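Q: For reference, the file final33.pdb (PDB, C-alpha atoms and all ligand atoms) is included below:
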```pdb
ATOM      1  CA  MET A  26     120.972 141.041 120.037
ATOM      2  CA  SER A  27     119.747 144.558 119.532
ATOM      3  CA  VAL A  28     122.278 147.285 118.952
ATOM      4  CA  PRO A  29     121.851 150.863 120.164
ATOM      5  CA  SER A  30     121.675 153.423 117.404
ATOM      6  CA  SER A  31     121.072 157.131 117.269
ATOM      7  CA  ASP A  32     120.666 157.661 113.569
ATOM      8  CA  LEU A  33     117.808 160.127 113.930
ATOM      9  CA  THR A  34     118.591 163.658 115.040
ATOM     10  CA  TRP A  35     116.847 166.999 114.714
ATOM     11  CA  SER A  36     117.724 170.594 115.548
ATOM     12  CA  PRO A  37     114.444 172.380 116.327
ATOM     13  CA  SER A  38     114.898 176.010 117.345
ATOM     14  CA  SER A  39     111.349 176.867 118.387
ATOM     15  CA  GLU A  40     108.458 175.370 120.289
ATOM     16  CA  GLU A  41     106.564 174.877 117.013
ATOM     17  CA  ALA A  42     109.512 173.045 115.479
ATOM     18  CA  MET A  43     109.736 170.873 118.606
ATOM     19  CA  LEU A  44     106.084 169.877 118.230
ATOM     20  CA  LEU A  45     106.763 168.861 114.628
ATOM     21  CA  VAL A  46     109.762 166.783 115.740
ATOM     22  CA  GLY A  47     107.461 165.044 118.217
ATOM     23  CA  GLN A  48     104.943 164.307 115.483
ATOM     24  CA  GLU A  49     107.650 162.846 113.265
ATOM     25  CA  LEU A  50     109.147 160.903 116.162
ATOM     26  CA  ALA A  51     105.779 159.302 116.774
ATOM     27  CA  SER A  52     105.998 157.503 113.442
ATOM     28  CA  HIS A  53     109.231 155.847 114.622
ATOM     29  CA  LEU A  54     107.907 154.646 117.963
ATOM     30  CA  PRO A  55     106.390 151.195 118.114
ATOM     31  CA  ALA A  56     103.852 150.423 120.786
ATOM     32  CA  GLY A  57     105.273 148.448 123.628
ATOM     33  CA  GLN A  58     108.217 150.715 124.331
ATOM     34  CA  VAL A  59     109.303 152.813 127.249
ATOM     35  CA  ILE A  60     110.701 156.100 125.923
ATOM     36  CA  LEU A  61     112.676 158.256 128.341
ATOM     37  CA  LEU A  62     112.643 161.952 127.452
ATOM     38  CA  ASP A  63     116.017 162.976 128.766
ATOM     39  CA  GLY A  64     117.155 166.557 129.168
ATOM     40  CA  PRO A  65     117.462 169.378 131.709
ATOM     41  CA  MET A  66     114.652 171.540 133.061
ATOM     42  CA  GLY A  67     113.319 173.687 130.222
ATOM     43  CA  ALA A  68     114.816 171.473 127.506
ATOM     44  CA  GLY A  69     111.429 170.860 125.904
ATOM     45  CA  LYS A  70     110.492 167.395 127.188
ATOM     46  CA  THR A  71     106.840 168.263 127.795
ATOM     47  CA  THR A  72     106.622 170.055 124.444
ATOM     48  CA  LEU A  73     108.049 167.003 122.715
ATOM     49  CA  ALA A  74     105.627 164.716 124.549
ATOM     50  CA  LYS A  75     102.795 166.922 123.335
ATOM     51  CA  GLY A  76     103.984 166.521 119.724
ATOM     52  CA  ILE A  77     104.428 162.768 120.107
ATOM     53  CA  VAL A  78     100.943 162.320 121.550
ATOM     54  CA  GLU A  79      99.568 164.406 118.686
ATOM     55  CA  GLY A  80     101.532 162.324 116.190
ATOM     56  CA  LEU A  81     100.189 159.124 117.710
ATOM     57  CA  GLY A  82      96.743 160.388 116.853
ATOM     58  CA  ALA A  83      95.317 161.471 120.161
ATOM     59  CA  GLY A  84      94.502 164.955 118.881
ATOM     60  CA  VAL A  85      94.236 166.389 122.367
ATOM     61  CA  ALA A  86      97.627 168.022 122.605
ATOM     62  CA  ASP A  87      96.344 170.874 124.713
ATOM     63  CA  ASP A  88      95.643 168.412 127.479
ATOM     64  CA  VAL A  89      99.308 167.442 127.656
ATOM     65  CA  SER A  90     100.451 169.996 130.162
ATOM     66  CA  SER A  91     103.421 169.452 132.391
ATOM     67  CA  PRO A  92     101.930 167.438 135.192
ATOM     68  CA  THR A  93     102.707 168.399 138.735
ATOM     69  CA  PHE A  94     101.307 165.743 141.040
ATOM     70  CA  PRO A  95     100.491 162.896 140.718
ATOM     71  CA  ILE A  96     102.263 162.893 137.504
ATOM     72  CA  VAL A  97     100.469 160.590 135.109
ATOM     73  CA  HIS A  98      98.561 161.562 131.991
ATOM     74  CA  GLU A  99      96.821 158.888 129.976
ATOM     75  CA  TYR A 100      95.725 159.178 126.330
ATOM     76  CA  ARG A 101      93.826 156.997 123.932
ATOM     77  CA  ALA A 102      95.704 157.417 120.679
ATOM     78  CA  ARG A 103      96.640 154.694 118.190
ATOM     79  CA  THR A 104      97.627 152.922 121.359
ATOM     80  CA  LEU A 105      97.275 153.830 124.968
ATOM     81  CA  VAL A 106      99.862 156.469 125.897
ATOM     82  CA  TYR A 107     101.108 157.116 129.408
ATOM     83  CA  HIS A 108     102.998 160.369 129.866
ATOM     84  CA  LEU A 109     104.784 160.526 133.205
ATOM     85  CA  ASP A 110     106.708 163.370 134.795
ATOM     86  CA  LEU A 111     108.675 161.992 137.730
ATOM     87  CA  TYR A 112     110.336 165.278 138.665
ATOM     88  CA  ARG A 113     108.654 165.541 142.039
ATOM     89  CA  LEU A 114     109.270 161.955 143.062
ATOM     90  CA  ASP A 115     112.403 161.115 145.013
ATOM     91  CA  THR A 116     112.465 157.374 145.536
ATOM     92  CA  VAL A 117     111.776 154.202 143.594
ATOM     93  CA  GLN A 118     109.172 153.331 146.200
ATOM     94  CA  GLN A 119     107.288 156.539 145.415
ATOM     95  CA  VAL A 120     107.314 155.718 141.705
ATOM     96  CA  LEU A 121     106.059 152.215 142.432
ATOM     97  CA  GLY A 122     103.395 153.908 144.546
ATOM     98  CA  ILE A 123     101.837 155.650 141.535
ATOM     99  CA  GLY A 124     101.185 152.222 140.022
ATOM    100  CA  ILE A 125     103.972 152.138 137.493
ATOM    101  CA  ASP A 126     104.031 148.336 137.484
ATOM    102  CA  ASP A 127     100.537 148.332 135.974
ATOM    103  CA  PHE A 128     101.581 150.819 133.302
ATOM    104  CA  LEU A 129     104.709 148.806 132.499
ATOM    105  CA  GLU A 130     102.599 145.670 132.198
ATOM    106  CA  ASP A 131     100.479 147.368 129.506
ATOM    107  CA  VAL A 132     103.640 148.498 127.740
ATOM    108  CA  GLN A 133     105.190 145.044 127.822
ATOM    109  CA  ALA A 134     101.967 143.543 126.490
ATOM    110  CA  GLY A 135     102.385 145.870 123.487
ATOM    111  CA  GLU A 136      99.237 147.769 124.402
ATOM    112  CA  ALA A 137     100.742 151.062 125.504
ATOM    113  CA  THR A 138     103.544 153.508 124.828
ATOM    114  CA  MET A 139     105.145 155.189 127.824
ATOM    115  CA  LEU A 140     106.784 158.628 127.673
ATOM    116  CA  VAL A 141     108.744 159.488 130.798
ATOM    117  CA  GLU A 142     110.243 162.812 131.909
ATOM    118  CA  TRP A 143     113.031 162.512 134.521
ATOM    119  CA  GLY A 144     113.052 158.734 134.129
ATOM    120  CA  GLU A 145     116.847 158.524 134.105
ATOM    121  CA  ARG A 146     116.754 159.174 137.860
ATOM    122  CA  PHE A 147     115.268 155.698 138.378
ATOM    123  CA  PRO A 148     117.304 153.387 136.127
ATOM    124  CA  GLU A 149     116.278 150.261 138.022
ATOM    125  CA  LEU A 150     112.659 150.688 136.913
ATOM    126  CA  TRP A 151     113.028 150.340 133.165
ATOM    127  CA  PRO A 152     112.956 147.174 131.090
ATOM    128  CA  ARG A 153     115.926 145.323 129.632
ATOM    129  CA  SER A 154     115.607 147.468 126.535
ATOM    130  CA  TYR A 155     114.127 150.935 126.304
ATOM    131  CA  TRP A 156     114.366 153.951 124.000
ATOM    132  CA  ARG A 157     115.683 157.361 124.840
ATOM    133  CA  VAL A 158     115.103 160.740 123.286
ATOM    134  CA  ALA A 159     117.966 162.962 124.408
ATOM    135  CA  ILE A 160     117.455 166.712 124.269
ATOM    136  CA  ARG A 161     120.431 169.030 124.487
ATOM    137  CA  VAL A 162     120.149 172.781 124.750
ATOM    138  CA  VAL A 163     122.325 174.367 122.079
ATOM    139  CA  GLY A 164     122.230 178.146 122.121
ATOM    140  CA  ASP A 165     118.586 179.178 121.708
ATOM    141  CA  GLY A 166     117.708 175.889 120.048
ATOM    142  CA  ARG A 167     117.816 172.209 120.860
ATOM    143  CA  GLN A 168     119.389 169.066 119.540
ATOM    144  CA  VAL A 169     117.113 166.051 119.733
ATOM    145  CA  SER A 170     118.321 162.519 119.098
ATOM    146  CA  LEU A 171     116.552 159.202 119.205
ATOM    147  CA  GLU A 172     118.466 156.283 120.667
ATOM    148  CA  ARG A 173     116.776 152.946 120.148
ATOM    149  CA  ASN A 174     117.308 149.818 122.193
ATOM    150  CA  VAL A 175     119.198 151.316 125.100
ATOM    151  CA  ALA A 176     120.231 148.582 127.515
ATOM    152  CA  GLY A 177     118.345 148.845 130.804
ATOM    153  CA  LEU A 178     118.892 147.241 134.159
ATOM    154  CA  ALA A 179     115.797 145.061 133.822
ATOM    155  CA  TYR A 180     114.645 145.094 137.405
ATOM    156  CA  GLN A 181     117.978 144.246 138.931
ATOM    157  CA  GLY A 182     119.108 145.356 142.323
ATOM    158  CA  ASP A 183     117.144 146.495 145.330
ATOM    159  CA  ALA A 184     114.041 147.614 143.478
ATOM    160  CA  ALA A 185     113.444 144.069 142.251
ATOM    161  CA  ASP A 186     113.597 142.705 145.786
ATOM    162  CA  GLU A 187     111.154 145.293 147.034
ATOM    163  CA  ARG A 188     108.456 144.506 144.469
TER     164      ARG A 188
HETATM  165  N1  LIG B   1     113.191 173.303 120.323
HETATM  166  C1  LIG B   1     112.948 174.371 121.088
HETATM  167  N2  LIG B   1     113.607 175.536 120.877
HETATM  168  C2  LIG B   1     113.375 176.602 121.679
HETATM  169  N3  LIG B   1     112.504 176.631 122.705
HETATM  170  C3  LIG B   1     111.827 175.492 122.973
HETATM  171  C4  LIG B   1     112.008 174.321 122.193
HETATM  172  N4  LIG B   1     111.214 173.343 122.691
HETATM  173  C5  LIG B   1     110.557 173.878 123.721
HETATM  174  N5  LIG B   1     110.913 175.161 123.915
HETATM  175  C6  LIG B   1     110.475 176.055 124.992
HETATM  176  O1  LIG B   1     111.178 175.711 126.185
HETATM  177  C7  LIG B   1     110.354 175.921 127.326
HETATM  178  C8  LIG B   1     110.333 174.694 128.195
HETATM  179  O2  LIG B   1     109.652 173.647 127.533
HETATM  180  P1  LIG B   1     109.098 172.362 128.303
HETATM  181  O3  LIG B   1     108.582 171.441 127.248
HETATM  182  O4  LIG B   1     108.171 172.734 129.391
HETATM  183  O5  LIG B   1     110.461 171.783 128.932
HETATM  184  P2  LIG B   1     110.684 170.604 129.993
HETATM  185  O6  LIG B   1     109.443 169.758 130.036
HETATM  186  O7  LIG B   1     111.875 169.860 129.465
HETATM  187  O8  LIG B   1     110.993 171.255 131.302
HETATM  188  C9  LIG B   1     108.986 176.314 126.783
HETATM  189  O9  LIG B   1     108.859 177.714 126.879
HETATM  190  C10 LIG B   1     109.013 175.876 125.335
HETATM  191  O10 LIG B   1     108.193 176.675 124.535
HETATM  192 MG    MG B   2     108.259 169.024 131.629
END
```
Is it possible to express this structure as structure tokens?
A:
Amino acid sequence: MSVPSSDLTWSPSSEEAMLLVGQELASHLPAGQVILLDGPMGAGKTTLAKGIVEGLGAGVADDVSSPTFPIVHEYRARTLVYHLDLYRLDTVQQVLGIGIDDFLEDVQAGEATMLVEWGERFPELWPRSYWRVAIRVVGDGRQVSLERNVAGLAYQGDAADER
């Protein structure tokens, strides 16, 4: 059984440093994972996503802006990358409505990496095991930690019935 670990942490104190953390993080992320970018508004989730996408080899970081609606950015990097920002969605049904099942299918086939902002608001959507990058605001800087193999709900509960 997989064990959660958070052995990788960084303390970037600027946007540039955050981008570099994202690039380094990318080398630790296998394809076929859902990665929740977890932190409050302004923590640096979109910045980190930009660095990760760059690190995965997409080379189009400027296109990774914080999406408003409808929330999905797709990149061809070393693998397919889906970057989702679910901030403006309120219900699981709305998230299903943007076609997340199709994205998750690509992820579970090992063909895509999924980066999700505000994903912790919809715990019933994520697979049995996912990764989390937690960002904490510390003074003017940030603390970033990678937690691998976080135990998910794996489609239990109401959301599963509604699919
Ligand atoms: N490590 C960091 N230290 C200081 N400022 C940062 C850091 N990472 C990002 N920022 C800044 O924080 C602001 C919010 O970043 P953003 O990525 O849009 O956050 P989020 O997507 O979490 O709301 C931006 O102005 C960005 O430049
Ligand atoms: Mg954002």
Q: I need the residue set behind the PyMOL selection byres (((chain A and resi 146-157) around 7) and not hetatm) for this file; please write it as a list in words.
A: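 That selection, the PyMOL selection byres (((chain A and resi 146-157) around 7) and not hetatm), comes back as Gln58, Val59, Ile60, Leu61, Leu62, Asp63, Val117, Trp143, Gly144, Glu145, Val158, Ala159, Leu171, Glu172, Arg173, Asn174, Val175, Ala176, Gly177, Leu178, Ala179, Tyr180, Gln181 and Ala184 of chain A.
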Q: Just to be explicit: take each residue in the selection above, keep C-alpha atoms, and write the result as an mmCIF file, in the coordinates of the input.
A:
```cif
data_model
loop_
_atom_site.group_PDB
_atom_site.id
_atom_site.type_symbol
_atom_site.label_atom_id
_atom_site.label_comp_id
_atom_site.auth_asym_id
_atom_site.auth_seq_id
_atom_site.Cartn_x
_atom_site.Cartn_y
_atom_site.Cartn_z
ATOM 1 C CA GLN A 58 108.217 150.715 124.331
ATOM 2 C CA VAL A 59 109.303 152.813 127.249
ATOM 3 C CA ILE A 60 110.701 156.100 125.923
ATOM 4 C CA LEU A 61 112.676 158.256 128.341
ATOM 5 C CA LEU A 62 112.643 161.952 127.452
ATOM 6 C CA ASP A 63 116.017 162.976 128.766
ATOM 7 C CA VAL A 117 111.776 154.202 143.594
ATOM 8 C CA TRP A 143 113.031 162.512 134.521
ATOM 9 C CA GLY A 144 113.052 158.734 134.129
ATOM 10 C CA GLU A 145 116.847 158.524 134.105
ATOM 11 C CA VAL A 158 115.103 160.740 123.286
ATOM 12 C CA ALA A 159 117.966 162.962 124.408
ATOM 13 C CA LEU A 171 116.552 159.202 119.205
ATOM 14 C CA GLU A 172 118.466 156.283 120.667
ATOM 15 C CA ARG A 173 116.776 152.946 120.148
ATOM 16 C CA ASN A 174 117.308 149.818 122.193
ATOM 17 C CA VAL A 175 119.198 151.316 125.100
ATOM 18 C CA ALA A 176 120.231 148.582 127.515
ATOM 19 C CA GLY A 177 118.345 148.845 130.804
ATOM 20 C CA LEU A 178 118.892 147.241 134.159
ATOM 21 C CA ALA A 179 115.797 145.061 133.822
ATOM 22 C CA TYR A 180 114.645 145.094 137.405
ATOM 23 C CA GLN A 181 117.978 144.246 138.931
ATOM 24 C CA ALA A 184 114.041 147.614 143.478
#
```
Q: Which residue out of A:Gly124, A:Gly67, A:Gly135, A:Arg113 has the minimum interatomic distance to ligand MG 2 (chain B) when all atoms listed in the file are used?
A: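 Closest candidate: A:Gly67.
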Q: Set out as a tab-separated table a contact list for chain A and ligand LIG 1 (chain B) with a cut-off of 7 Å, giving each residue of chain A that qualifies its closest atom pair and distance in Å to one decimal, counting only C-alpha atoms and all ligand atoms, ordered by chain and rising residue number.
A:
```
residue	atom	partner	partner_atom	distance
A:Pro37	CA	B:LIG1	N1	4.3
A:Ser38	CA	B:LIG1	N2	3.8
A:Ser39	CA	B:LIG1	N2	3.6
A:Glu40	CA	B:LIG1	C4	4.2
A:Ala42	CA	B:LIG1	N1	6.1
A:Met43	CA	B:LIG1	N1	4.6
A:Gly64	CA	B:LIG1	O7	6.2
A:Pro65	CA	B:LIG1	O7	6.0
A:Met66	CA	B:LIG1	O8	4.1
A:Gly67	CA	B:LIG1	O8	3.5
A:Ala68	CA	B:LIG1	O7	3.9
A:Gly69	CA	B:LIG1	O3	3.2
A:Lys70	CA	B:LIG1	O7	3.6
A:Thr71	CA	B:LIG1	O3	3.7
A:Thr72	CA	B:LIG1	O3	3.7
A:Leu73	CA	B:LIG1	O3	6.4
A:Ser91	CA	B:LIG1	O6	6.5
A:Asp165	CA	B:LIG1	C2	5.8
A:Gly166	CA	B:LIG1	N2	4.2
A:Arg167	CA	B:LIG1	N1	4.8
```
Q: At what distance in Å, to one decimal, does atom CA of Thr138 of chain A lie from atom CA of Gly57 of chain A?
A: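 If I compute the distance from atom CA of Gly57 of chain A to atom CA of Thr138 of chain A, I get 5.5 Å.
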Q: Determine the residue set returned by the PyMOL selection byres (((chain A and resi 103) around 7) and not hetatm) for the present structure, and present it as a VMD selection string.
A: chain A and resid 81 to 82 101 to 102 104 to 105
Q: Pick the closest to ligand MG 2 (chain B) from A:Glu41, A:Glu79, A:Asp110, A:Asp127: which is it, counting all atoms listed in the file?
A: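 Answer, going by the shortest atom-to-atom distance: A:Asp110.
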Q: So the first atom is atom CA of His98 of chain A and the second is atom CA of Arg161 of chain A; what is the distance between them in Å, to one decimal place?
A: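 Between these atoms lies a distance of 24.3 Å.
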Q: Go through A:Met139, A:Leu54, A:Val132, A:Ile160 one by one, measure the shortest atom-to-atom distance of each to His108 of chain A using all atoms listed in the file, and give the residue with the smallest value.
A: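 Checking each of A:Met139, A:Leu54, A:Val132, A:Ile160 against His108 of chain A, counting all atoms listed in the file, the winner is A:Met139.
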Q: Report, in Å with one decimal, the straight-line distance from atom CA of Leu44 of chain A to atom CA of Val78 of chain A.
A: 9.7 Å
Q: Find the residue from A:Leu109, A:Ala134, A:Ile123, A:Val163 that sits nearest to ligand MG 2 (chain B); use only C-alpha atoms and all ligand atoms when measuring.
A: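 So, comparing all the options, the nearest one is A:Leu109.
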Q: Rank A:Val162, A:Val106, A:Leu111, A:Leu50 by their smallest atom-to-atom distance to ligand MG 2 (chain B), using only C-alpha atoms and all ligand atoms, and report the top residue only.
A: A:Leu111
